[in-house]
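One file, entry38.txt, is given below (compact mmCIF, C-alpha atoms and all ligand atoms).
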# COMPACT_ATOMS: atom_id res chain seq x y z
CA ARG A 8 20.89 14.56 -7.51
CA ALA A 9 24.08 16.58 -7.33
CA LEU A 10 27.13 15.24 -9.15
CA ASN A 11 28.93 14.55 -5.89
CA PHE A 12 32.62 13.58 -6.17
CA SER A 13 33.52 14.42 -2.57
CA ALA A 14 36.21 12.43 -0.78
CA GLY A 15 34.16 11.91 2.34
CA PRO A 16 31.64 12.08 3.77
CA ALA A 17 30.65 10.93 0.35
CA ALA A 18 27.60 10.29 -1.82
CA LEU A 19 25.17 7.64 -0.59
CA PRO A 20 22.98 5.53 -2.89
CA LEU A 21 19.68 7.31 -3.59
CA PRO A 22 17.49 4.25 -2.81
CA VAL A 23 19.16 4.08 0.62
CA LEU A 24 18.37 7.71 1.38
CA GLU A 25 14.81 7.27 0.15
CA LYS A 26 14.21 4.20 2.27
CA ALA A 27 15.65 5.96 5.33
CA GLN A 28 13.44 8.96 4.59
CA LYS A 29 10.35 6.77 4.38
CA GLU A 30 11.09 5.10 7.70
CA PHE A 31 12.56 8.15 9.42
CA VAL A 32 9.66 9.20 11.64
CA ASN A 33 7.75 5.96 11.96
CA TYR A 34 9.95 2.86 11.88
CA GLN A 35 7.92 -0.20 10.90
CA GLY A 36 4.70 1.19 12.31
CA THR A 37 6.10 1.73 15.81
CA GLY A 38 5.41 5.47 15.92
CA MET A 39 9.09 6.01 16.70
CA SER A 40 12.23 6.68 14.71
CA ILE A 41 14.86 3.94 14.89
CA MET A 42 17.16 6.52 16.48
CA GLU A 43 14.69 7.02 19.33
CA MET A 44 14.69 3.37 20.32
CA SER A 45 16.63 1.52 22.97
CA HIS A 46 19.76 -0.15 21.72
CA ARG A 47 18.70 -3.17 23.77
CA GLY A 48 15.22 -3.43 22.26
CA LYS A 49 14.05 -5.93 19.65
CA HIS A 50 13.82 -3.50 16.72
CA TYR A 51 17.34 -2.20 17.10
CA ASP A 52 18.62 -5.69 17.83
CA ALA A 53 17.39 -6.83 14.40
CA VAL A 54 19.09 -3.82 12.76
CA HIS A 55 22.37 -4.51 14.56
CA SER A 56 22.53 -8.23 13.89
CA GLY A 57 21.20 -7.74 10.35
CA ALA A 58 24.01 -5.31 9.45
CA LYS A 59 26.58 -7.65 10.93
CA ALA A 60 25.21 -10.68 9.05
CA ARG A 61 25.08 -8.77 5.76
CA LEU A 62 28.66 -7.54 6.14
CA LYS A 63 29.84 -11.05 7.02
CA ASN A 64 28.19 -12.40 3.92
CA LEU A 65 29.24 -9.61 1.53
CA MET A 66 32.86 -9.60 2.66
CA ASN A 67 33.07 -13.35 3.11
CA VAL A 68 34.23 -12.93 6.68
CA PRO A 69 35.28 -16.36 8.00
CA ASP A 70 34.14 -17.65 11.40
CA THR A 71 37.68 -17.09 12.66
CA HIS A 72 37.02 -13.34 12.49
CA GLU A 73 34.86 -10.97 14.53
CA ILE A 74 33.01 -7.92 13.23
CA LEU A 75 32.83 -4.89 15.51
CA PHE A 76 30.97 -1.59 15.19
CA LEU A 77 32.91 1.06 17.10
CA GLN A 78 33.14 4.85 17.20
CA GLY A 79 36.02 7.31 17.01
CA GLY A 80 36.59 6.94 13.27
CA ALA A 81 39.57 5.34 11.60
CA SER A 82 41.67 7.88 13.50
CA LEU A 83 41.04 6.15 16.83
CA GLN A 84 42.15 2.88 15.24
CA PHE A 85 45.56 4.46 14.60
CA SER A 86 45.93 4.28 18.41
CA MET A 87 43.82 1.25 19.28
CA VAL A 88 45.83 -1.10 17.07
CA PRO A 89 49.17 -0.43 18.84
CA ILE A 90 47.54 -0.10 22.27
CA ASN A 91 46.21 -3.65 21.88
CA PHE A 92 48.94 -5.32 19.88
CA LEU A 93 52.27 -3.58 20.32
CA LYS A 94 53.88 -5.12 23.37
CA LYS A 95 57.03 -4.00 25.13
CA ASN A 96 60.15 -5.23 23.33
CA GLU A 97 58.19 -5.76 20.13
CA THR A 98 58.28 -3.72 16.93
CA ALA A 99 55.38 -2.84 14.66
CA GLY A 100 56.00 -2.40 10.93
CA TYR A 101 54.41 0.30 8.80
CA ILE A 102 54.33 0.73 5.05
CA LEU A 103 53.98 4.39 4.22
CA THR A 104 51.89 5.15 1.14
CA GLY A 105 50.42 8.51 2.08
CA SER A 106 49.37 10.92 4.80
CA TRP A 107 46.98 8.50 6.52
CA SER A 108 49.65 5.85 6.94
CA GLU A 109 51.98 8.55 8.31
CA LYS A 110 49.31 9.46 10.84
CA ALA A 111 48.85 5.81 11.83
CA LEU A 112 52.62 5.46 12.32
CA LYS A 113 52.81 8.61 14.48
CA GLU A 114 50.25 7.20 16.91
CA ALA A 115 52.04 3.86 17.11
CA GLU A 116 55.32 5.65 17.87
CA LYS A 117 53.69 6.99 21.04
CA ILE A 118 52.94 3.45 22.19
CA GLY A 119 56.07 1.48 21.31
CA LYS A 120 58.79 0.62 18.85
CA THR A 121 58.05 0.95 15.15
CA LYS A 122 59.86 0.42 11.89
CA VAL A 123 59.10 1.71 8.40
CA ILE A 124 59.24 -1.40 6.21
CA ALA A 125 58.77 0.52 2.95
CA SER A 126 57.76 4.00 1.86
CA SER A 127 56.98 5.78 -1.39
CA LYS A 128 57.28 9.21 0.24
CA GLU A 129 60.39 10.20 -1.74
CA SER A 130 58.51 9.74 -4.99
CA LEU A 131 55.61 11.85 -3.67
CA TYR A 132 53.51 8.82 -2.87
CA ARG A 133 52.86 8.12 -6.54
CA SER A 134 52.96 4.36 -6.13
CA ILE A 135 52.68 1.38 -3.79
CA PRO A 136 56.16 0.05 -2.93
CA SER A 137 56.81 -3.31 -4.57
CA ARG A 138 57.88 -6.28 -2.48
CA SER A 139 61.50 -5.94 -3.66
CA GLU A 140 61.61 -2.50 -2.00
CA TRP A 141 60.59 -3.79 1.43
CA GLY A 142 62.87 -4.14 4.41
CA ASP A 143 62.80 -7.17 6.69
CA GLU A 144 59.30 -7.77 8.07
CA LYS A 145 60.02 -10.89 10.14
CA ASP A 146 59.26 -10.88 13.85
CA LEU A 147 57.06 -7.81 13.71
CA ALA A 148 54.12 -7.50 16.10
CA TYR A 149 52.10 -6.67 12.97
CA LEU A 150 52.45 -5.00 9.60
CA HIS A 151 50.20 -2.01 8.88
CA ILE A 152 49.17 -0.88 5.40
CA THR A 153 46.64 1.60 3.99
CA SER A 154 44.76 -0.22 1.24
CA ASN A 155 43.65 2.92 -0.59
CA ASN A 156 45.33 6.30 -0.30
CA THR A 157 42.47 8.74 -0.41
CA ILE A 158 44.63 11.83 -0.79
CA TYR A 159 47.21 10.63 -3.34
CA GLY A 160 44.90 8.33 -5.31
CA THR A 161 46.87 5.10 -5.12
CA GLN A 162 45.66 1.64 -4.13
CA TRP A 163 47.04 -1.76 -3.27
CA HIS A 164 45.77 -3.98 -6.10
CA GLU A 165 47.10 -7.12 -4.47
CA PHE A 166 47.58 -7.74 -0.78
CA PRO A 167 50.92 -9.12 0.34
CA ASP A 168 51.43 -12.51 1.94
CA THR A 169 53.29 -12.10 5.18
CA ASN A 170 53.97 -14.25 8.23
CA VAL A 171 53.01 -11.51 10.67
CA PRO A 172 49.47 -10.23 11.33
CA LEU A 173 48.49 -7.88 8.51
CA VAL A 174 46.53 -4.78 9.56
CA ALA A 175 44.81 -2.66 6.92
CA ASP A 176 43.18 0.74 7.04
CA MET A 177 40.48 0.16 4.39
CA SER A 178 38.56 3.35 5.08
CA SER A 179 38.40 4.45 1.48
CA ASP A 180 37.97 1.20 -0.42
CA ILE A 181 36.23 -1.27 1.84
CA LEU A 182 33.42 -3.10 0.01
CA SER A 183 34.63 -1.85 -3.38
CA ARG A 184 36.02 -5.26 -4.42
CA PRO A 185 36.33 -8.84 -3.20
CA VAL A 186 38.98 -9.21 -0.51
CA ASP A 187 40.37 -12.32 1.14
CA THR A 188 39.32 -11.13 4.58
CA GLY A 189 40.72 -14.17 6.38
CA LYS A 190 44.23 -13.13 5.44
CA PHE A 191 44.11 -10.08 7.70
CA GLY A 192 44.79 -9.84 11.40
CA LEU A 193 42.60 -6.76 11.47
CA ILE A 194 40.80 -4.48 9.01
CA TYR A 195 39.35 -1.14 10.02
CA ALA A 196 37.34 1.47 8.16
CA GLY A 197 35.47 4.65 8.96
CA ALA A 198 32.05 4.28 7.30
CA GLN A 199 31.74 7.62 5.56
CA LYS A 200 32.99 6.64 2.10
CA ASN A 201 31.59 3.26 1.08
CA LEU A 202 29.57 2.11 4.08
CA GLY A 203 27.23 4.89 5.15
CA PRO A 204 27.28 8.12 7.11
CA SER A 205 30.11 8.96 9.49
CA GLY A 206 29.71 7.81 13.09
CA VAL A 207 30.44 4.10 12.91
CA THR A 208 33.81 2.43 12.38
CA VAL A 209 33.85 -1.15 11.15
CA ILE A 210 36.48 -3.56 12.46
CA ILE A 211 37.02 -7.08 11.17
CA ALA A 212 39.57 -8.92 13.29
CA ASN A 213 40.96 -12.37 13.83
CA LYS A 214 39.46 -13.64 17.10
CA GLN A 215 42.55 -15.53 18.14
CA TRP A 216 44.72 -12.47 17.68
CA LEU A 217 42.22 -10.35 19.61
CA SER A 218 42.53 -12.74 22.53
CA GLN A 219 46.25 -11.96 22.66
CA SER A 220 45.70 -8.24 23.23
CA THR A 221 47.66 -6.99 26.21
CA ASN A 222 45.96 -3.66 26.59
CA SER A 223 45.60 -2.70 30.22
CA LEU A 224 45.31 1.02 29.66
CA SER A 225 41.59 1.29 29.23
CA LYS A 226 38.67 -1.07 29.17
CA PHE A 227 36.98 0.91 26.45
CA LEU A 228 40.03 0.80 24.19
CA ASP A 229 40.27 -2.98 24.48
CA TYR A 230 38.84 -4.72 21.40
CA ASN A 231 37.80 -7.64 23.59
CA THR A 232 35.45 -5.45 25.62
CA HIS A 233 33.48 -4.81 22.46
CA ALA A 234 33.88 -8.31 21.02
CA SER A 235 32.46 -9.96 24.14
CA ALA A 236 29.54 -7.50 24.23
CA ASP A 237 28.69 -7.80 20.52
CA SER A 238 29.54 -4.08 20.11
CA LEU A 239 26.91 -3.20 22.72
CA TYR A 240 29.19 -2.52 25.68
CA ASN A 241 27.96 1.06 25.58
CA THR A 242 25.43 2.84 23.37
CA PRO A 243 26.46 2.24 19.77
CA PRO A 244 25.82 4.81 17.00
CA THR A 245 22.43 3.25 16.31
CA PHE A 246 21.36 5.47 13.43
CA ALA A 247 24.70 5.09 11.61
CA ILE A 248 24.48 1.29 11.99
CA TYR A 249 20.91 1.36 10.68
CA MET A 250 22.15 3.30 7.63
CA LEU A 251 25.05 0.87 7.23
CA GLY A 252 22.50 -1.96 7.08
CA LEU A 253 20.62 -0.18 4.28
CA VAL A 254 23.84 0.44 2.34
CA LEU A 255 24.75 -3.25 2.68
CA GLU A 256 21.30 -4.27 1.42
CA TRP A 257 21.88 -2.02 -1.60
CA ALA A 258 25.35 -3.51 -2.11
CA GLU A 259 23.78 -6.98 -2.32
CA GLU A 260 21.46 -5.70 -5.04
CA GLN A 261 24.53 -4.47 -6.97
CA GLY A 262 25.89 -8.00 -7.18
CA GLY A 263 27.98 -7.81 -4.01
CA THR A 264 31.66 -6.98 -4.10
CA GLU A 265 32.13 -8.63 -7.51
CA GLY A 266 29.41 -6.48 -9.04
CA LEU A 267 30.66 -3.37 -7.33
CA GLU A 268 34.23 -4.00 -8.43
CA ARG A 269 33.15 -4.42 -12.06
CA LYS A 270 31.27 -1.11 -11.93
CA ASN A 271 34.08 0.69 -10.10
CA LYS A 272 36.61 -0.39 -12.72
CA GLU A 273 34.35 0.84 -15.52
CA LYS A 274 33.89 4.16 -13.77
CA SER A 275 37.57 4.76 -13.09
CA ALA A 276 38.47 3.70 -16.66
CA LEU A 277 36.34 6.58 -17.99
CA LEU A 278 38.37 9.11 -16.02
CA TYR A 279 41.79 7.52 -16.52
CA ASP A 280 41.04 7.41 -20.27
CA SER A 281 40.31 11.14 -20.25
CA ILE A 282 43.62 11.75 -18.49
CA GLU A 283 45.66 9.41 -20.69
CA SER A 284 44.21 10.65 -23.97
CA SER A 285 44.76 14.31 -23.04
CA GLU A 286 48.33 14.46 -24.39
CA GLY A 287 49.71 15.65 -21.09
CA PHE A 288 47.05 18.30 -20.40
CA TYR A 289 45.84 16.27 -17.42
CA ARG A 290 48.55 14.46 -15.48
CA GLY A 291 47.58 11.62 -13.22
CA HIS A 292 49.36 11.66 -9.87
CA ALA A 293 49.52 7.87 -9.55
CA LEU A 294 52.05 5.96 -11.61
CA ASN A 295 50.77 3.23 -13.91
CA GLY A 296 49.65 0.21 -12.01
CA SER A 297 49.06 2.01 -8.71
CA GLY A 298 46.06 4.17 -9.67
CA SER A 299 43.06 3.95 -7.38
CA HIS A 300 39.59 2.93 -8.53
CA MET A 301 38.17 5.11 -5.75
CA ASN A 302 40.06 8.43 -5.91
CA VAL A 303 41.35 9.61 -9.29
CA THR A 304 43.91 12.39 -8.73
CA PHE A 305 45.29 14.69 -11.43
CA THR A 306 46.77 18.08 -12.12
CA LEU A 307 46.50 20.59 -15.01
CA PRO A 308 49.41 22.43 -16.68
CA ASP A 309 49.42 25.25 -14.10
CA GLN A 310 47.61 26.42 -11.00
CA ASP A 311 45.64 29.15 -12.78
CA LEU A 312 44.18 26.62 -15.18
CA GLU A 313 43.46 24.30 -12.26
CA LYS A 314 41.57 27.06 -10.47
CA ASP A 315 39.63 27.85 -13.62
CA PHE A 316 38.89 24.15 -14.25
CA LEU A 317 37.54 23.74 -10.72
CA ALA A 318 35.45 26.90 -11.01
CA LYS A 319 33.96 25.84 -14.37
CA ALA A 320 33.38 22.32 -13.06
CA SER A 321 31.50 23.78 -10.13
CA GLU A 322 29.38 25.92 -12.51
CA HIS A 323 28.50 22.69 -14.33
CA GLY A 324 27.32 21.12 -11.08
CA PHE A 325 30.36 18.95 -10.23
CA ILE A 326 30.96 18.93 -6.49
CA GLY A 327 34.08 18.10 -4.49
CA LEU A 328 36.67 17.93 -7.29
CA ASN A 329 39.36 19.92 -5.50
CA GLY A 330 42.36 17.90 -4.31
CA HIS A 331 43.04 17.51 -0.59
CA ARG A 332 44.15 20.78 1.03
CA SER A 333 47.59 19.29 1.72
CA ILE A 334 48.52 18.62 -1.93
CA GLY A 335 46.13 20.61 -4.12
CA GLY A 336 45.36 19.55 -7.70
CA CYS A 337 42.13 17.78 -8.53
CA ARG A 338 40.56 14.60 -7.24
CA ALA A 339 37.44 12.77 -8.32
CA SER A 340 36.26 10.42 -5.60
CA ILE A 341 34.12 7.75 -7.21
CA TYR A 342 33.09 5.47 -4.39
CA ASN A 343 30.48 2.74 -4.78
CA ALA A 344 27.50 5.10 -4.69
CA VAL A 345 28.72 7.45 -7.44
CA PRO A 346 26.75 6.46 -10.56
CA TYR A 347 28.45 5.49 -13.84
CA GLU A 348 26.50 8.28 -15.56
CA ALA A 349 28.05 10.90 -13.26
CA CYS A 350 31.53 9.65 -14.23
CA GLU A 351 30.52 9.78 -17.90
CA LYS A 352 29.45 13.39 -17.48
CA LEU A 353 32.72 14.26 -15.75
CA ALA A 354 34.79 12.54 -18.46
CA GLU A 355 32.89 14.48 -21.13
CA PHE A 356 33.44 17.71 -19.23
CA MET A 357 37.16 17.01 -18.87
CA ASN A 358 37.48 16.23 -22.58
CA SER A 359 35.68 19.36 -23.68
CA TYR A 360 37.53 21.57 -21.19
CA ARG A 361 40.83 20.27 -22.54
CA LYS A 362 39.79 20.93 -26.16
CA ASN A 363 38.96 24.52 -25.27
CA HIS A 364 42.07 25.17 -23.20
CA SER A 365 45.02 23.23 -24.55
CA ALA A 366 47.56 25.26 -26.49
N1 LIG B 401 42.26 6.62 6.76
C1 LIG B 401 41.94 6.92 5.49
C2 LIG B 401 42.51 6.11 4.38
C3 LIG B 401 41.06 7.99 5.23
O1 LIG B 401 40.74 8.29 3.97
C4 LIG B 401 40.55 8.75 6.31
C5 LIG B 401 39.63 9.87 6.08
O2 LIG B 401 39.46 10.38 5.01
C6 LIG B 401 40.93 8.40 7.61
C7 LIG B 401 41.78 7.33 7.80
C8 LIG B 401 40.40 9.14 8.80
O3 LIG B 401 39.15 8.67 9.05
P1 LIG B 401 38.21 9.23 10.22
O4 LIG B 401 37.83 10.61 9.82
O5 LIG B 401 37.06 8.26 10.22
O6 LIG B 401 38.97 9.20 11.49

What is this file in structure tokens?
Amino acid sequence: RALNFSAGPAALPLPVLEKAQKEFVNYQGTGMSIMEMSHRGKHYDAVHSGAKARLKNLMNVPDTHEILFLQGGASLQFSMVPINFLKKNETAGYILTGSWSEKALKEAEKIGKTKVIASSKESLYRSIPSRSEWGDEKDLAYLHITSNNTIYGTQWHEFPDTNVPLVADMSSDILSRPVDTGKFGLIYAGAQKNLGPSGVTVIIANKQWLSQSTNSLSKFLDYNTHASADSLYNTPPTFAIYMLGLVLEWAEEQGGTEGLERKNKEKSALLYDSIESSEGFYRGHALNGSGSHMNVTFTLPDQDLEKDFLAKASEHGFIGLNGHRSIGGCRASIYNAVPYEACEKLAEFMNSYRKNHSA
């Protein structure tokens, strides 16, 4: 297997791919692939409800909350959230911790009034703003945060208590740790990092809040359309949901979110140790306490060295270590499916590269 550190679409667990391969042409002796079957038939129905039940169990989703499988990626959620929940004369609050939260805010601005409650933009998104840096969040229609900042490599390690519905874009760290799901008005995540291939977007939302949606713009963009049809209002991305089910089965075998969190912390510690022990050769982008366990971002002393590091890393089989095109530098994305051994190899490579190149 390639040493795949891509930010997304990202590595999938090998046993998941192998099981999908085995069943690909002939699903459970039917002579058909799961992707060739009706989304209203009994085989797909078991896949659909199985994935939902597994996610509910793994993420401890309370009965007060609904799970939806939609399409359009996390990007469509940037619009769907305000379309459903930002009423006239109301204001939605956004906490800016990176480019994805900026994008979410921009879409909300098209729908209604918004307010930036806190932002770490001035310090180059190196940290998550602490509570003391927040503006007034009372009376907001909702407060939107991005739980993990894929590009900058920062992460909320604790979720805030707030009296308004909390909305989180969890695209790049969903299922990486236990989360008190019931505390959120709505969680959304594109699948292509921790949940499976791209094509399905997972929503977990408070049912009571959903019932207050005032969207009249479009039936399809109304969460309730999908909630009342069990995400089968139209043809769902059946193959992506089948793959999601396999990933969730694998996640259970890893000890659920507790087991995954333990492993993710061990993996990120290997890389952060390489950075911290490098005497300034590698510089982590995130400030202490805000570093992500999913995306470890760092720079080298200058751009020539960075280019050389990335080229040598590629020669050694490491894939996807370049930082996002908007900020450059290096980024190791170490989602759930990236094995500990791959992180060990990368840490060793970083240590030996530094020994050979530091002044
Ligand atoms: N939000 C975050 C935190 C992301 O990392 C990404 C993609 O990398 C997106 C949103 C956009 O997701 P999608 O491509 O599913 O629209």

**OP:** Could you tell me, counting only C-alpha atoms and all ligand atoms, which protein and nucleic acid residues lie no more than 9 Å from ligand LIG 401 (chain B), written as an MDAnalysis selection string?
**Re:** chainID A and resid 14:16 78:85 105:108 110:111 153:158 176:180 195:200 205:208

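Taking CA of Pro136 (chain A) as the reference point, CA of Phe191 (chain A) is found at 19.0 Å.
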
Could you make a table, as CSV, of the residues of region 205-285 of chain A that have an atom within 8 Å of an atom of region 298-310 of chain A, each with its nearest atom pair and distance in Å to one decimal, counting all atoms listed in the file, in chain and number order?
residue,atom,partner,partner_atom,distance
A:Asn271,CA,A:His300,CA,6.2
A:Lys272,CA,A:His300,CA,6.1
A:Lys274,CA,A:His300,CA,7.8
A:Ser275,CA,A:His300,CA,5.3
A:Leu278,CA,A:Val303,CA,7.4
A:Tyr279,CA,A:Val303,CA,7.5
A:Ile282,CA,A:Phe305,CA,7.8

**OP:** May I have the residues within 9 Å of region 348-355 of chain A as a VMD selection string, using all atoms listed in the file and disregarding those fewer than 2 positions away in the same chain?
**Re:** chain A and resid 10 to 12 274 to 275 277 to 282 320 325 339 341 345 to 346 357 to 360

Subject >> Closest of A:Glu256, A:Cys337, A:Val186, A:Asp311 to Pro22 (chain A) - atom-to-atom distances counting all atoms listed in the file >> reply: A:Glu256

Please return region 33-51 of chain A, rebuilt to N, CA and C atoms, as a PDB file, in the frame of the given file.
ATOM      1  N   ASN A  33       8.581   7.067  11.468  1.00  0.00           N
ATOM      2  CA  ASN A  33       7.750   5.960  11.960  1.00  0.00           C
ATOM      3  C   ASN A  33       8.354   4.651  11.481  1.00  0.00           C
ATOM      4  N   TYR A  34       9.241   4.075  12.288  1.00  0.00           N
ATOM      5  CA  TYR A  34       9.950   2.860  11.880  1.00  0.00           C
ATOM      6  C   TYR A  34       9.044   1.645  12.041  1.00  0.00           C
ATOM      7  N   GLN A  35       8.739   1.025  10.933  1.00  0.00           N
ATOM      8  CA  GLN A  35       7.920  -0.200  10.900  1.00  0.00           C
ATOM      9  C   GLN A  35       6.656  -0.110  11.760  1.00  0.00           C
ATOM     10  N   GLY A  36       6.001   1.032  11.633  1.00  0.00           N
ATOM     11  CA  GLY A  36       4.700   1.190  12.310  1.00  0.00           C
ATOM     12  C   GLY A  36       4.782   1.346  13.825  1.00  0.00           C
ATOM     13  N   THR A  37       5.962   1.640  14.351  1.00  0.00           N
ATOM     14  CA  THR A  37       6.100   1.730  15.810  1.00  0.00           C
ATOM     15  C   THR A  37       5.749   3.112  16.359  1.00  0.00           C
ATOM     16  N   GLY A  38       5.639   4.101  15.449  1.00  0.00           N
ATOM     17  CA  GLY A  38       5.410   5.470  15.920  1.00  0.00           C
ATOM     18  C   GLY A  38       6.678   6.105  16.476  1.00  0.00           C
ATOM     19  N   MET A  39       7.799   5.481  16.226  1.00  0.00           N
ATOM     20  CA  MET A  39       9.090   6.010  16.700  1.00  0.00           C
ATOM     21  C   MET A  39      10.123   5.904  15.574  1.00  0.00           C
ATOM     22  N   SER A  40      11.099   6.798  15.635  1.00  0.00           N
ATOM     23  CA  SER A  40      12.230   6.680  14.710  1.00  0.00           C
ATOM     24  C   SER A  40      13.187   5.626  15.271  1.00  0.00           C
ATOM     25  N   ILE A  41      13.905   4.948  14.407  1.00  0.00           N
ATOM     26  CA  ILE A  41      14.860   3.940  14.890  1.00  0.00           C
ATOM     27  C   ILE A  41      15.869   4.587  15.855  1.00  0.00           C
ATOM     28  N   MET A  42      16.158   5.878  15.616  1.00  0.00           N
ATOM     29  CA  MET A  42      17.160   6.520  16.480  1.00  0.00           C
ATOM     30  C   MET A  42      16.588   6.910  17.857  1.00  0.00           C
ATOM     31  N   GLU A  43      15.302   6.723  18.029  1.00  0.00           N
ATOM     32  CA  GLU A  43      14.690   7.020  19.330  1.00  0.00           C
ATOM     33  C   GLU A  43      14.538   5.763  20.186  1.00  0.00           C
ATOM     34  N   MET A  44      14.957   4.644  19.630  1.00  0.00           N
ATOM     35  CA  MET A  44      14.690   3.370  20.320  1.00  0.00           C
ATOM     36  C   MET A  44      15.871   2.881  21.128  1.00  0.00           C
ATOM     37  N   SER A  45      15.567   2.090  22.136  1.00  0.00           N
ATOM     38  CA  SER A  45      16.630   1.520  22.970  1.00  0.00           C
ATOM     39  C   SER A  45      17.542   0.633  22.124  1.00  0.00           C
ATOM     40  N   HIS A  46      18.826   0.722  22.438  1.00  0.00           N
ATOM     41  CA  HIS A  46      19.760  -0.150  21.720  1.00  0.00           C
ATOM     42  C   HIS A  46      19.696  -1.575  22.255  1.00  0.00           C
ATOM     43  N   ARG A  47      18.861  -1.804  23.263  1.00  0.00           N
ATOM     44  CA  ARG A  47      18.700  -3.170  23.770  1.00  0.00           C
ATOM     45  C   ARG A  47      17.319  -3.726  23.435  1.00  0.00           C
ATOM     46  N   GLY A  48      16.570  -2.981  22.625  1.00  0.00           N
ATOM     47  CA  GLY A  48      15.220  -3.430  22.260  1.00  0.00           C
ATOM     48  C   GLY A  48      15.235  -4.318  21.021  1.00  0.00           C
ATOM     49  N   LYS A  49      14.075  -4.933  20.721  1.00  0.00           N
ATOM     50  CA  LYS A  49      14.050  -5.930  19.650  1.00  0.00           C
ATOM     51  C   LYS A  49      14.211  -5.309  18.255  1.00  0.00           C
ATOM     52  N   HIS A  50      13.698  -4.090  18.059  1.00  0.00           N
ATOM     53  CA  HIS A  50      13.820  -3.500  16.720  1.00  0.00           C
ATOM     54  C   HIS A  50      15.274  -3.179  16.401  1.00  0.00           C
ATOM     55  N   TYR A  51      15.936  -2.523  17.376  1.00  0.00           N
ATOM     56  CA  TYR A  51      17.340  -2.200  17.100  1.00  0.00           C
ATOM     57  C   TYR A  51      18.187  -3.468  17.030  1.00  0.00           C
TER      58      TYR A  51
END
